[in-house]
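Undergrad: Here you go, one structure.
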Amino acid sequence: MNDEWCNEINNGAAIGLKIKRKLASKQSDFQLVEIFETEEFGNLMMLDGCTMVSSRENFLYHEMMSHPAMFSHANPKNVVIIGGGDCGTLREVLRHKGVETVHQIDIDKVVTDMAEEFFPELCESNSDPRAHIMFDDGIKYMAEAADNSIDIIIVDSTDPVGPGEGLFNHAFYKNCLRALRTDGIFVQQSESPLLHLPLLLDMRQAMLDVGFSALQHVNFPQMIYPSGWWSGTLAKKSGEFTGFRSDDAKALATDKALQYYNEDMHVASQALPNFVKRAFAEQ
Ligand code: SAM
């Protein structure tokens with residue numbers, strides 16, 4: 001950060017937002033949590049110098065990390081979110097009326113405290129009786145989760161460095177697979193196909209290695225993340241991805257709560273550019 005710009009520098013490029021002022025800064029037990037007021041993007045949260053959430057464009061990430069997986073499942077009732085401390089993904093999951101419980105496990109309470117203060121709109125569903133907000137290590141939580149108990153697991157984590165590192169390996173994926181019900185779906189933010197293709201391929205391979213039966217890649221824009229192009233990887237515990245509940249997706253999208261996701265974007269997000277298609281085919 002210099003006097004006027006907040007930059008995340010990654011792979012020789014800087015993603016910058018012009019800032020008005022710093023609103024808060026706290027070194028938690030896990031990371032440096034900073035909040036800025038920007039000129040054009042509302043408030044911005046950074047963790048250890050990496051851009052996480054801005055008021056203006058977080059809907060892209062939160063809607064795409066939740067709805068494609070939720071609508072690819074016939075009837076998701078029990079959902080677990082690992083990470084997700086800003087609570088935006090939780091809010092999206094709770095839009096699904098059939099959901100009975102959502103357990104959110106973020107390692108860092110400071111992230112949620114700051115989100116409640118500076119991103120209250122993301123936290124508007126935190127008091128929903130179906131929401132159980134916990135502060136613990138998601139790796140430990142999944143290691144202790146009961147077999148065949150969860151319909152959807154969403155990993156809304158930081159990058160694979162620091163506390164998030166152990167959320168990107170075989171041991172973690174094995175526990176997630178075990179804890180999912182037979183028709184369960186796992187989804188994890190899988191970084192930028194342009195900048196982080198080797199990592200994306202490693203993640204996919206590890207998911208297949210532990211026994212997930214099918215993968216589905218979704219693309220979405222995310223201006224404040226490196227390259228502006230981000231992705232999620234969905235994995236099925238058994239069987240193939242055989243479509244999604246498009247009528248339900250359409251109904252949710254037309255109630256004006258959603259700004260990005262709809263039944264057309266669900267399909268469009270799965271289209272693969274040639275270099276990605278070739279890389280996946282060669283796996
Ligand atoms: N959208 C962001 C991105 O893609 O860069 C990430 C959002 S942020 C909510 C990610 C959260 O993951 C942080 O709040 C962080 O505390 C949490 N986290 C990192 N490692 C974790 C772990 N081992 N267990 C639980 N939460 C973790």
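Following the order of the structure tokens, chains are lettered A, B, ..., residues in each are numbered from 1, and ligands are numbered from 1.
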With only C-alpha atoms and all ligand atoms counted, collect every polymer residue having an atom within 6 Å of ligand 1; state the result as a list in words.

TA: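 Final answer, ordered by chain and number: Met52, Ile82, Gly83, Gly84, Gly85, Asp86, Ile105, Asp106, Ile107, Asp108, Val111, Asp137, Gly138, Ile139, Asp156, Ser157, Thr158, Pro163 and Gly164 of chain A.
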
Undergrad: Could you list, as a ChimeraX atom specification, every residue within 10 Å of segment 188-198 of chain A, counting only C-alpha atoms and ignoring same-chain residues fewer than 5 positions away?

TA: /A:10-11,61,64-66,81-82,153-160,167-168,203-204,217-222,225-235,273,275-276,279-280

Undergrad: Kindly save the residues from that selection, with N, CA and C atoms included, as a short mmCIF file (atom, residue, chain, number, x, y, z; two decimals), in the first residue's frame.

TA:
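Written output follows (again_3.cif):
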data_model
loop_
_atom_site.label_atom_id
_atom_site.label_comp_id
_atom_site.auth_asym_id
_atom_site.auth_seq_id
_atom_site.Cartn_x
_atom_site.Cartn_y
_atom_site.Cartn_z
N ASN A 10 0.91 -9.97 -7.45
CA ASN A 10 0.92 -11.42 -7.63
C ASN A 10 1.34 -11.71 -9.05
N ASN A 11 2.31 -12.59 -9.24
CA ASN A 11 2.77 -12.99 -10.57
C ASN A 11 3.13 -11.79 -11.44
N TYR A 61 -18.17 -13.51 -6.52
CA TYR A 61 -17.56 -14.66 -5.85
C TYR A 61 -18.57 -15.41 -4.99
N MET A 64 -21.20 -17.33 -6.98
CA MET A 64 -20.67 -18.45 -7.77
C MET A 64 -20.05 -19.54 -6.91
N MET A 65 -19.69 -19.22 -5.69
CA MET A 65 -19.17 -20.25 -4.77
C MET A 65 -20.31 -21.05 -4.14
N SER A 66 -21.52 -20.54 -4.24
CA SER A 66 -22.62 -21.23 -3.56
C SER A 66 -23.65 -21.82 -4.52
N ILE A 81 -19.52 -24.72 5.51
CA ILE A 81 -18.64 -23.74 4.85
C ILE A 81 -17.33 -23.71 5.64
N ILE A 82 -16.23 -23.99 4.99
CA ILE A 82 -14.91 -23.90 5.62
C ILE A 82 -14.30 -22.58 5.19
N ILE A 153 -20.22 -29.27 0.88
CA ILE A 153 -19.09 -28.62 1.58
C ILE A 153 -18.55 -27.53 0.66
N ILE A 154 -18.50 -26.31 1.17
CA ILE A 154 -17.98 -25.17 0.40
C ILE A 154 -16.68 -24.70 1.07
N VAL A 155 -15.59 -24.73 0.35
CA VAL A 155 -14.32 -24.25 0.91
C VAL A 155 -14.05 -22.84 0.36
N ASP A 156 -14.40 -21.86 1.18
CA ASP A 156 -14.26 -20.44 0.85
C ASP A 156 -13.05 -19.95 1.64
N SER A 157 -11.89 -20.31 1.14
CA SER A 157 -10.67 -20.11 1.95
C SER A 157 -9.74 -19.08 1.31
N THR A 158 -8.73 -18.74 2.09
CA THR A 158 -7.63 -17.96 1.54
C THR A 158 -6.79 -18.86 0.63
N ASP A 159 -5.73 -18.30 0.08
CA ASP A 159 -4.84 -19.05 -0.82
C ASP A 159 -4.10 -20.14 -0.04
N PRO A 160 -3.46 -21.08 -0.75
CA PRO A 160 -2.76 -22.17 -0.03
C PRO A 160 -1.43 -21.74 0.57
N LEU A 167 -5.80 -26.84 3.40
CA LEU A 167 -7.13 -27.04 2.81
C LEU A 167 -7.02 -27.44 1.34
N PHE A 168 -5.79 -27.64 0.87
CA PHE A 168 -5.56 -27.92 -0.56
C PHE A 168 -4.81 -29.23 -0.74
N MET A 203 -4.94 -29.44 -7.69
CA MET A 203 -6.16 -29.58 -6.88
C MET A 203 -7.09 -30.62 -7.50
N ARG A 204 -7.29 -30.51 -8.81
CA ARG A 204 -8.18 -31.46 -9.50
C ARG A 204 -7.65 -32.89 -9.36
N HIS A 217 -15.79 -27.51 -13.49
CA HIS A 217 -15.07 -26.24 -13.31
C HIS A 217 -16.04 -25.09 -13.60
N VAL A 218 -16.03 -24.05 -12.76
CA VAL A 218 -16.82 -22.85 -13.07
C VAL A 218 -15.90 -21.63 -13.07
N ASN A 219 -16.06 -20.79 -14.08
CA ASN A 219 -15.31 -19.54 -14.22
C ASN A 219 -16.17 -18.37 -13.82
N PHE A 220 -15.55 -17.36 -13.27
CA PHE A 220 -16.29 -16.12 -13.04
C PHE A 220 -15.30 -14.96 -12.93
N PRO A 221 -15.75 -13.75 -13.27
CA PRO A 221 -14.85 -12.60 -13.14
C PRO A 221 -14.73 -12.20 -11.68
N GLN A 222 -13.58 -11.70 -11.30
CA GLN A 222 -13.41 -11.19 -9.93
C GLN A 222 -12.34 -10.14 -9.98
N TYR A 225 -9.21 -9.87 -7.59
CA TYR A 225 -8.27 -10.97 -7.40
C TYR A 225 -7.28 -11.00 -8.57
N PRO A 226 -6.09 -11.56 -8.35
CA PRO A 226 -5.08 -11.56 -9.42
C PRO A 226 -5.63 -12.04 -10.76
N SER A 227 -5.38 -11.28 -11.77
CA SER A 227 -5.81 -11.49 -13.17
C SER A 227 -7.27 -11.12 -13.41
N GLY A 228 -8.07 -10.97 -12.36
CA GLY A 228 -9.48 -10.61 -12.54
C GLY A 228 -10.35 -11.77 -12.99
N TRP A 229 -9.76 -12.96 -13.12
CA TRP A 229 -10.48 -14.15 -13.59
C TRP A 229 -10.29 -15.22 -12.53
N TRP A 230 -11.38 -15.67 -11.93
CA TRP A 230 -11.29 -16.63 -10.84
C TRP A 230 -12.10 -17.88 -11.17
N SER A 231 -12.00 -18.89 -10.32
CA SER A 231 -12.70 -20.15 -10.61
C SER A 231 -13.10 -20.88 -9.34
N GLY A 232 -14.04 -21.79 -9.53
CA GLY A 232 -14.39 -22.74 -8.47
C GLY A 232 -14.33 -24.14 -9.07
N THR A 233 -14.00 -25.13 -8.23
CA THR A 233 -14.01 -26.52 -8.68
C THR A 233 -15.02 -27.30 -7.85
N LEU A 234 -16.00 -27.89 -8.54
CA LEU A 234 -17.01 -28.72 -7.89
C LEU A 234 -16.59 -30.17 -8.05
N ALA A 235 -16.85 -30.99 -7.02
CA ALA A 235 -16.51 -32.41 -7.11
C ALA A 235 -17.65 -33.23 -6.51
N PRO A 273 -11.98 -22.29 -22.06
CA PRO A 273 -11.10 -21.82 -23.14
C PRO A 273 -10.16 -22.97 -23.55
N PHE A 275 -6.89 -23.43 -23.84
CA PHE A 275 -5.71 -23.85 -23.07
C PHE A 275 -6.12 -24.59 -21.80
N VAL A 276 -7.28 -24.22 -21.25
CA VAL A 276 -7.76 -24.91 -20.04
C VAL A 276 -8.29 -26.29 -20.43
N ALA A 279 -5.42 -28.58 -21.03
CA ALA A 279 -4.73 -28.95 -19.78
C ALA A 279 -5.56 -29.98 -19.00
N PHE A 280 -6.88 -29.81 -18.96
CA PHE A 280 -7.73 -30.77 -18.25
C PHE A 280 -7.69 -32.13 -18.97
#

Undergrad: Atom CA of Thr112 of chain A and atom CA of Ala253 of chain A are how many Å apart?

TA: 26.8 Å

Undergrad: Considering only C-alpha atoms, return as a PyMOL selection string whatever protein or nucleic-acid residues lie within 12 Å of Leu32 of chain A, sequence-local ones (same chain, fewer than 2 positions apart) excluded.

TA: chain A and resi 24-30+34-35+45-51+108+110-111+114+162

Undergrad: What residues in segment 19-267 of chain A get the DSSP label strand (DSSP E)? Please answer as number ranges by chain.

TA: A: 19-27, 32-38, 43-47, 50-54, 78-83, 101-106, 131-135, 150-156, 180-189, 214-221, 229-236

Undergrad: Write out as a ChimeraX atom specification the set of residues from segment 9-203 of chain A that DSSP, computed on the backbone, places in helix (DSSP H, G or I).

TA: /A:58-72,88-93,109-118,120-123,138-144,162-167,170-179,197-203

Undergrad: Measuring atom to atom with only C-alpha atoms, identify which of A:Ala257, A:Gly42, A:Tyr173, A:Ala268 is nearest to Leu94 of chain A.

TA: A:Ala257

Undergrad: Closest to Glu240 of chain A among A:Gln259, A:Asn169, A:Thr182, A:Gln205, using only C-alpha atoms?

TA: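 Comparing A:Gln259, A:Asn169, A:Thr182, A:Gln205 against Glu240 of chain A, the winner is A:Thr182.
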
Undergrad: Set the distance at 8 Å and use only C-alpha atoms: which residues neighbour segment 116-125 of chain A once local chain neighbours fewer than 5 positions away are removed? I'd like the list as JSON, numbers by chain.

TA: {"A": [35, 43, 55, 86, 87, 88, 90, 91, 94, 131]}

Undergrad: Keeping C-alpha atoms, export the residues of the selection given above as a PDB file, in the first residue's frame.

TA:
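For reference, out36.pdb as written:
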ATOM      1  CA  ILE A  35     -10.141  -2.591   6.223  1.00  0.00           C
ATOM      2  CA  ASN A  43     -15.042  -0.970   1.764  1.00  0.00           C
ATOM      3  CA  SER A  55     -18.491  -4.062  -1.068  1.00  0.00           C
ATOM      4  CA  ASP A  86     -16.918 -12.529   5.865  1.00  0.00           C
ATOM      5  CA  CYS A  87     -20.271 -14.404   5.840  1.00  0.00           C
ATOM      6  CA  GLY A  88     -21.193 -13.564   2.217  1.00  0.00           C
ATOM      7  CA  LEU A  90     -23.352 -18.061   4.227  1.00  0.00           C
ATOM      8  CA  ARG A  91     -25.906 -15.437   3.231  1.00  0.00           C
ATOM      9  CA  LEU A  94     -29.325 -19.433   3.392  1.00  0.00           C
ATOM     10  CA  ALA A 131     -26.710 -20.730  10.805  1.00  0.00           C
TER      11      ALA A 131
END

Undergrad: For Thr89 of chain A, which residue out of A:Lys77, A:Met70, A:Gly239, A:Ser149 is the nearest one, using only C-alpha atoms?

TA: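 Among A:Lys77, A:Met70, A:Gly239, A:Ser149, it is A:Met70 that comes nearest to Thr89 of chain A.
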